[in-house]
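Engineer: Sharing a structure below in structure tokens format, with a few things to ask.
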Amino acid sequence: MSNLSFITEEKKEENTDIPLLGLSPKVLKKAALTNYPNPISKTLHSLTDEEKIAKVEKHLREVLEILGLNLEDDSIAHTSYRIAKMYVKEIFSGLNPDNFPSLCFIEDSSVRDSDQMIVIKNISMKSTCEHHFVPMVGHCHVAYIPNKKVIGLSKINRIVRFHCQKPQIQERLTAQIVDTLKTVLDTQDVAVFVKLKHFCVTMRGVEDEQSTTETTLFKGRIKTEPNFRQEFLLKIGSTP
């Protein structure tokens, strides 16, 4: 990307020759929620994080006791709190749209009317299957064709992580990443490839430790024009 000058938020005062664009709160909220159907309750945000942790901990203690664990034992006495805090603050923090990452973009005339494809490969993914609440882990590749603006590379990773941090199914996760990128980048030309190992398959049921699941979603010219689709697949090392 020879003509693009990426700048971090920390260095933006040193680079005043290229406009740095921000997103309105309305657009950020739309990007966080996406238009894709999901099972999130409409009353989700009626509680603070601390209230959620307290309620989750209470019920988890009951679950642990029903399973036959001695909650007076030092090793497990605080497990219900640790799990509740982990759910709310970490692995399910993407349920709260307020945790969507802040985003800035660079507007550069060199990307206008350009067919340049930007590809970010091997983004680590760690999410939770909503059917059994066990991990699904792997990676994804993301591509887009800019429409007047480009995004700092690490922001793509942060968007992926945000959507991973909620109970998910892989098909919806793939679609939510695409939907968000279309919104924040203001472009229809987006592609996402996701490859995950599902622990609900490896740890239980069939207990197949080798299988993985792949999903792809193409939009815009990457979907309709074979040369763009082939370029993306070749760059990520997949067979066209």
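Naming works like this for the structure tokens: A, B, ... for the chains as they're shown, residue 1 at the start of each chain, ligands 1 onward in shown order.
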Show which residues sit within 10 Å of Phe228 of chain A, as a list in words. Count only C-alpha atoms, and ignore same-chain residues fewer than 2 positions away.

Structural biologist: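 Near Phe228 of chain A, the qualifying residues are Asp115, Gln116, Met117, Ile145, Asp189, Ala191, Gly220, Arg221, Ile222, Lys223, Thr224, Glu225, Pro226, Gln230, Glu231, Phe232, Leu233 and Leu234 of chain A.
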
Engineer: Residues at most 8 Å from Asp49 of chain A, counting only C-alpha atoms, excluding those fewer than 3 positions away in the same chain, as a PyMOL selection string?

Structural biologist: chain A and resi 52-53+88-89

Engineer: Given only C-alpha atoms as the basis, pick out the residue of A:Val137, A:Leu217, A:Ile177, A:Leu69 nearest to Phe193 of chain A.

Structural biologist: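 Under the stated criterion, the closest residue is A:Leu217.
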
Engineer: May I have all residues of segment 77-141 of chain A that DSSP, computed from the backbone, assigns to strand (DSSP E), given as number ranges by chain?

Structural biologist: A: 104-107, 118-129, 135-141

Engineer: Between atom CA of Lys197 of chain A and atom CA of Ile169 of chain A, measure the distance and give it in Å to one decimal.

Structural biologist: 12.0 Å

Engineer: Which residues, written as number ranges by chain, have at least one atom at most 6 Å from segment 120-136 of chain A, with only C-alpha atoms counted and residues fewer than 3 positions away on the same chain left out?

Structural biologist: A: 139-142, 164-165, 167-169, 196-199

Engineer: When you count only C-alpha atoms, which of these residues is closest to Leu181 of chain A: A:Leu47, A:Ile91, A:Ala77, A:Ile151?

Structural biologist: A:Ile151

Engineer: Which residue gives the smallest distance to Thr213 of chain A among A:Val27, A:Val194, A:Cys200, A:Ala32, with only C-alpha atoms counted?

Structural biologist: A:Val194

Engineer: Compare A:Asn99, A:Asn38, A:Glu50, A:Ser80 by their minimum atom-to-atom distance to Val63 of chain A, counting only C-alpha atoms, and give me the closest one.

Structural biologist: A:Ser80

Engineer: Do you know which residues are at most 9 Å from Tyr36 of chain A counting only C-alpha atoms, after dropping those on the same chain fewer than 6 positions away, and could you put them as a PyMOL selection string?

Structural biologist: chain A and resi 172+175-176+179
